[in-house]
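**Student:** Structure file my_file_36.pdb (PDB, C-alpha atoms) right here:
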ATOM      1  CA  MET H   1      61.931 132.243 154.772
ATOM      2  CA  ALA H   2      62.385 135.071 157.267
ATOM      3  CA  GLU H   3      65.563 137.079 157.093
ATOM      4  CA  TYR H   4      67.922 138.375 159.721
ATOM      5  CA  GLN H   5      67.679 142.024 160.705
ATOM      6  CA  THR H   6      70.262 144.002 162.607
ATOM      7  CA  ILE H   7      68.460 145.422 165.622
ATOM      8  CA  GLU H   8      69.773 148.103 167.944
ATOM      9  CA  HIS H   9      68.178 148.420 171.377
ATOM     10  CA  ASN H  10      66.336 151.712 171.141
ATOM     11  CA  PHE H  11      65.196 152.611 174.629
ATOM     12  CA  GLU H  12      66.878 153.353 177.919
ATOM     13  CA  PRO H  13      67.133 151.121 180.962
ATOM     14  CA  VAL H  14      64.662 151.839 183.751
ATOM     15  CA  PHE H  15      66.425 152.440 187.077
ATOM     16  CA  ASP H  16      67.185 155.076 189.654
ATOM     17  CA  ALA H  17      69.542 155.538 192.601
ATOM     18  CA  GLN H  18      67.281 153.367 194.805
ATOM     19  CA  SER H  19      67.049 150.338 192.475
ATOM     20  CA  GLU H  20      68.044 147.147 194.283
ATOM     21  CA  ILE H  21      66.844 144.453 191.874
ATOM     22  CA  LEU H  22      67.814 144.241 188.210
ATOM     23  CA  ILE H  23      65.707 142.132 185.853
ATOM     24  CA  LEU H  24      67.313 141.474 182.481
ATOM     25  CA  GLY H  25      65.695 140.271 179.291
ATOM     26  CA  SER H  26      67.546 139.395 176.119
ATOM     27  CA  LEU H  27      66.292 141.981 173.581
ATOM     28  CA  PRO H  28      62.928 143.730 173.131
ATOM     29  CA  SER H  29      60.497 141.824 170.917
ATOM     30  CA  VAL H  30      59.136 143.283 167.685
ATOM     31  CA  LYS H  31      56.001 144.424 169.595
ATOM     32  CA  SER H  32      58.078 145.974 172.384
ATOM     33  CA  ARG H  33      60.192 147.844 169.830
ATOM     34  CA  GLU H  34      56.996 149.110 168.174
ATOM     35  CA  ASN H  35      55.684 150.258 171.594
ATOM     36  CA  HIS H  36      59.093 151.683 172.640
ATOM     37  CA  PHE H  37      58.968 149.914 175.993
ATOM     38  CA  TYR H  38      59.725 146.609 177.641
ATOM     39  CA  TYR H  39      57.407 143.616 177.388
ATOM     40  CA  GLY H  40      54.998 145.278 174.979
ATOM     41  CA  HIS H  41      53.517 142.103 173.507
ATOM     42  CA  PRO H  42      49.983 141.757 174.928
ATOM     43  CA  GLN H  43      50.562 138.030 175.537
ATOM     44  CA  ASN H  44      53.777 138.542 177.516
ATOM     45  CA  ARG H  45      53.071 137.913 181.188
ATOM     46  CA  PHE H  46      55.826 140.126 182.616
ATOM     47  CA  TRP H  47      53.679 143.036 183.825
ATOM     48  CA  LYS H  48      50.968 140.751 185.199
ATOM     49  CA  LEU H  49      53.643 138.748 187.045
ATOM     50  CA  VAL H  50      55.507 141.747 188.514
ATOM     51  CA  ALA H  51      52.205 143.317 189.590
ATOM     52  CA  ALA H  52      51.253 140.067 191.359
ATOM     53  CA  LEU H  53      54.664 139.822 193.062
ATOM     54  CA  CYS H  54      54.372 143.423 194.218
ATOM     55  CA  GLN H  55      50.680 143.057 195.139
ATOM     56  CA  GLU H  56      49.766 145.953 192.856
ATOM     57  CA  ASP H  57      47.298 146.507 190.032
ATOM     58  CA  ILE H  58      48.566 145.570 186.576
ATOM     59  CA  PRO H  59      50.032 148.741 185.043
ATOM     60  CA  GLN H  60      48.655 149.787 181.661
ATOM     61  CA  THR H  61      50.683 152.802 180.525
ATOM     62  CA  ILE H  62      54.437 153.186 180.247
ATOM     63  CA  GLU H  63      54.296 155.744 183.068
ATOM     64  CA  GLU H  64      52.398 153.314 185.333
ATOM     65  CA  LYS H  65      54.913 150.571 184.495
ATOM     66  CA  LYS H  66      57.862 152.816 185.342
ATOM     67  CA  ASN H  67      56.202 153.921 188.593
ATOM     68  CA  LEU H  68      55.637 150.293 189.619
ATOM     69  CA  LEU H  69      59.307 149.523 189.009
ATOM     70  CA  TYR H  70      60.592 152.612 190.825
ATOM     71  CA  HIS H  71      58.240 152.115 193.776
ATOM     72  CA  HIS H  72      59.506 148.558 194.278
ATOM     73  CA  LYS H  73      63.181 149.371 193.620
ATOM     74  CA  ILE H  74      63.310 147.312 190.431
ATOM     75  CA  ALA H  75      65.584 148.124 187.507
ATOM     76  CA  LEU H  76      64.781 146.762 184.053
ATOM     77  CA  TRP H  77      66.999 146.345 181.017
ATOM     78  CA  ASP H  78      68.203 143.874 178.412
ATOM     79  CA  VAL H  79      71.512 142.138 177.892
ATOM     80  CA  ILE H  80      71.763 142.996 174.193
ATOM     81  CA  ALA H  81      72.572 146.433 172.803
ATOM     82  CA  LYS H  82      72.710 145.253 169.189
ATOM     83  CA  CYS H  83      72.432 141.943 167.350
ATOM     84  CA  ASP H  84      71.162 140.156 164.285
ATOM     85  CA  ILE H  85      67.800 138.430 164.826
ATOM     86  CA  ILE H  86      64.892 136.960 162.904
ATOM     87  CA  GLY H  87      61.693 138.608 164.183
ATOM     88  CA  SER H  88      61.523 138.102 167.961
ATOM     89  CA  SER H  89      63.162 134.669 167.979
ATOM     90  CA  ASP H  90      65.746 134.464 170.771
ATOM     91  CA  SER H  91      67.067 131.236 169.244
ATOM     92  CA  SER H  92      68.089 133.138 166.086
ATOM     93  CA  ILE H  93      70.212 135.754 167.894
ATOM     94  CA  LYS H  94      73.748 136.167 166.573
ATOM     95  CA  ASN H  95      76.493 138.822 166.367
ATOM     96  CA  VAL H  96      75.735 140.129 169.854
ATOM     97  CA  ILE H  97      76.999 143.428 171.182
ATOM     98  CA  PRO H  98      76.046 143.557 174.874
ATOM     99  CA  ASN H  99      74.838 146.498 176.893
ATOM    100  CA  ASP H 100      77.332 147.843 179.426
ATOM    101  CA  MET H 101      75.873 146.709 182.756
ATOM    102  CA  LYS H 102      78.056 149.244 184.553
ATOM    103  CA  GLN H 103      75.604 151.894 183.364
ATOM    104  CA  ILE H 104      73.275 150.549 186.073
ATOM    105  CA  LEU H 105      75.626 148.705 188.435
ATOM    106  CA  ASP H 106      77.812 151.783 189.004
ATOM    107  CA  HIS H 107      74.812 154.017 189.749
ATOM    108  CA  ALA H 108      72.353 151.893 191.738
ATOM    109  CA  PRO H 109      72.735 149.654 194.814
ATOM    110  CA  ILE H 110      71.729 146.461 192.953
ATOM    111  CA  ARG H 111      71.591 143.543 195.395
ATOM    112  CA  GLN H 112      70.370 140.860 192.985
ATOM    113  CA  ILE H 113      70.204 140.329 189.231
ATOM    114  CA  TYR H 114      67.563 138.101 187.640
ATOM    115  CA  ALA H 115      67.365 136.805 184.081
ATOM    116  CA  ASN H 116      63.904 136.685 182.542
ATOM    117  CA  GLY H 117      64.476 133.388 180.749
ATOM    118  CA  GLY H 118      67.264 131.079 179.703
ATOM    119  CA  LYS H 119      68.473 133.129 176.739
ATOM    120  CA  ALA H 120      68.918 136.276 178.853
ATOM    121  CA  TYR H 121      70.824 134.163 181.400
ATOM    122  CA  GLU H 122      73.029 132.541 178.751
ATOM    123  CA  LEU H 123      73.814 135.876 177.076
ATOM    124  CA  TYR H 124      74.544 137.583 180.409
ATOM    125  CA  MET H 125      76.931 134.810 181.463
ATOM    126  CA  ARG H 126      78.715 134.901 178.122
ATOM    127  CA  TYR H 127      78.956 138.645 177.516
ATOM    128  CA  CYS H 128      78.440 140.507 180.810
ATOM    129  CA  TYR H 129      79.534 138.316 183.713
ATOM    130  CA  PRO H 130      83.232 138.253 182.719
ATOM    131  CA  ASP H 131      83.306 142.052 182.980
ATOM    132  CA  CYS H 132      81.063 142.789 185.963
ATOM    133  CA  GLN H 133      81.479 139.562 187.989
ATOM    134  CA  ARG H 134      77.926 139.796 189.399
ATOM    135  CA  ASP H 135      75.896 136.622 189.855
ATOM    136  CA  ILE H 136      72.525 136.223 188.182
ATOM    137  CA  ILE H 137      69.569 133.974 188.954
ATOM    138  CA  LYS H 138      67.784 132.403 185.993
ATOM    139  CA  LEU H 139      63.983 132.624 186.107
ATOM    140  CA  PRO H 140      61.524 131.103 183.648
ATOM    141  CA  SER H 141      60.677 133.426 180.779
ATOM    142  CA  THR H 142      57.443 135.411 180.843
ATOM    143  CA  SER H 143      57.330 135.208 177.027
ATOM    144  CA  PRO H 144      54.251 133.711 175.379
ATOM    145  CA  ALA H 145      56.729 131.351 173.653
ATOM    146  CA  ASN H 146      57.271 129.731 177.075
ATOM    147  CA  ALA H 147      53.973 127.847 176.878
ATOM    148  CA  ALA H 148      55.294 125.128 179.207
ATOM    149  CA  PHE H 149      54.772 127.540 182.120
ATOM    150  CA  SER H 150      51.234 128.530 183.039
ATOM    151  CA  MET H 151      50.820 131.883 184.769
ATOM    152  CA  GLU H 152      50.414 130.051 188.092
ATOM    153  CA  ARG H 153      53.610 128.056 187.567
ATOM    154  CA  LEU H 154      55.507 131.188 186.506
ATOM    155  CA  LEU H 155      54.344 133.085 189.576
ATOM    156  CA  GLU H 156      55.345 130.205 191.840
ATOM    157  CA  ALA H 157      58.836 129.984 190.307
ATOM    158  CA  TRP H 158      59.418 133.742 190.518
ATOM    159  CA  GLU H 159      58.046 133.885 194.092
ATOM    160  CA  ASP H 160      60.418 131.114 195.154
ATOM    161  CA  ALA H 161      63.384 132.974 193.688
ATOM    162  CA  VAL H 162      62.572 136.358 195.211
ATOM    163  CA  ASP H 163      61.325 135.087 198.563
ATOM    164  CA  ASN H 164      64.398 136.347 200.413
ATOM    165  CA  LEU H 165      64.086 139.912 199.129
ATOM    166  CA  GLU H 166      61.703 141.927 201.255
ATOM    167  CA  MET H 167      60.866 144.698 198.783
ATOM    168  CA  TRP H 168      58.686 142.406 196.699
TER     169      TRP H 168
END
Is it possible to give me this structure as structure tokens?
**Tutor:**
Amino acid sequence: MAEYQTIEHNFEPVFDAQSEILILGSLPSVKSRENHFYYGHPQNRFWKLVAALCQEDIPQTIEEKKNLLYHHKIALWDVIAKCDIIGSSDSSIKNVIPNDMKQILDHAPIRQIYANGGKAYELYMRYCYPDCQRDIIKLPSTSPANAAFSMERLLEAWEDAVDNLEMW
């Protein structure tokens, strides 16, 4: 049986003074932690999805990924700063210490916050919303564990949610 590990988020949020959209995940997966950047699992559809929304080529390097985000005024972070977890299983998360959203919200003109999946949404509402009082829109997870959503269905759901924001 797999055991719990205490994991501390080990890389910085991606944002700048022009960021208008904030996309939040729950916590970086094992693969992302190994790669030291967000959505590092090769089966995660995040970068393919964001590239499609932004009508850009799929970024390959961390630098290309950051440039895509900056160019389209997108900030990226996770709700959790530290927790206990088994592997990459969001359903096993316990003993959460959240990130301080003010680190981004006080330094960027964020107009909308999106949760990449139900767990990020649930954790944000429980740990962050009471402090920052900023609404969040729940989007279907880009994780390979979300097999119920094909890439086409994911893209459609994300497009519907971001339709009113012109920078996409």
**Student:** Evaluate the PyMOL selection byres ((chain H and resi 158) around 12) and record the selected residues as a VMD selection string, following the chain and residue labels used in the document.
**Tutor:** chain H and resid 23 46 49 to 50 52 to 54 114 to 117 137 to 142 149 151 to 157 159 to 165 168
**Student:** To test your reading of the syntax: which residues would the PyMOL selection byres ((chain H and resi 78) around 6) return for the file shown? Reply as a list in words.
**Tutor:**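 Here the PyMOL selection byres ((chain H and resi 78) around 6) matches Leu24, Gly25, Ser26, Leu27, Trp77, Val79 and Ile80 of chain H.
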**Student:** Since I can't run it myself right now, could you work out what the PyMOL selection byres ((chain H and resi 88) around 6) selects here and report it as a PDB file with C-alpha atoms, in the frame of the given file?
**Tutor:**
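The resulting expr_0.pdb:
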ATOM      1  CA  SER H  29      60.497 141.824 170.917  1.00  0.00           C
ATOM      2  CA  VAL H  30      59.136 143.283 167.685  1.00  0.00           C
ATOM      3  CA  GLY H  87      61.693 138.608 164.183  1.00  0.00           C
ATOM      4  CA  SER H  89      63.162 134.669 167.979  1.00  0.00           C
TER       5      SER H  89
END
**Student:** Would you list the contacts of Ile85 in chain H as a ChimeraX atom specification, taking every protein, DNA or RNA residue within 8 Å and counting all atoms listed in the file, but skipping same-chain residues closer than 6 positions in sequence?
**Tutor:** /H:4-7,92-94
**Student:** Hey, what's within 10 Å of Asp57 in chain H if we count only C-alpha atoms and toss same-chain stuff fewer than 5 positions away? As a PyMOL selection string, please?
**Tutor:** chain H and resi 47-48+50-52+64+68
**Student:** Using all atoms listed in the file, which residue out of H:Ser91, H:Ser143, H:Phe11, H:Ala148 lies closest to Glu122 in chain H?
**Tutor:**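 Checking each candidate against Glu122 in chain H, we get H:Ser91 as the closest.
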**Student:** Rounded to one decimal, what separation in Å do you get between CA of Gln60 in chain H and CA of Leu22 in chain H?
**Tutor:**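 A separation of 21.0 Å between them.
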**Student:** Expressed in Å to a single decimal, how great is the separation between CA of Lys66 in chain H and CA of Arg126 in chain H?
**Tutor:**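 Interatomic distance here is 28.4 Å.
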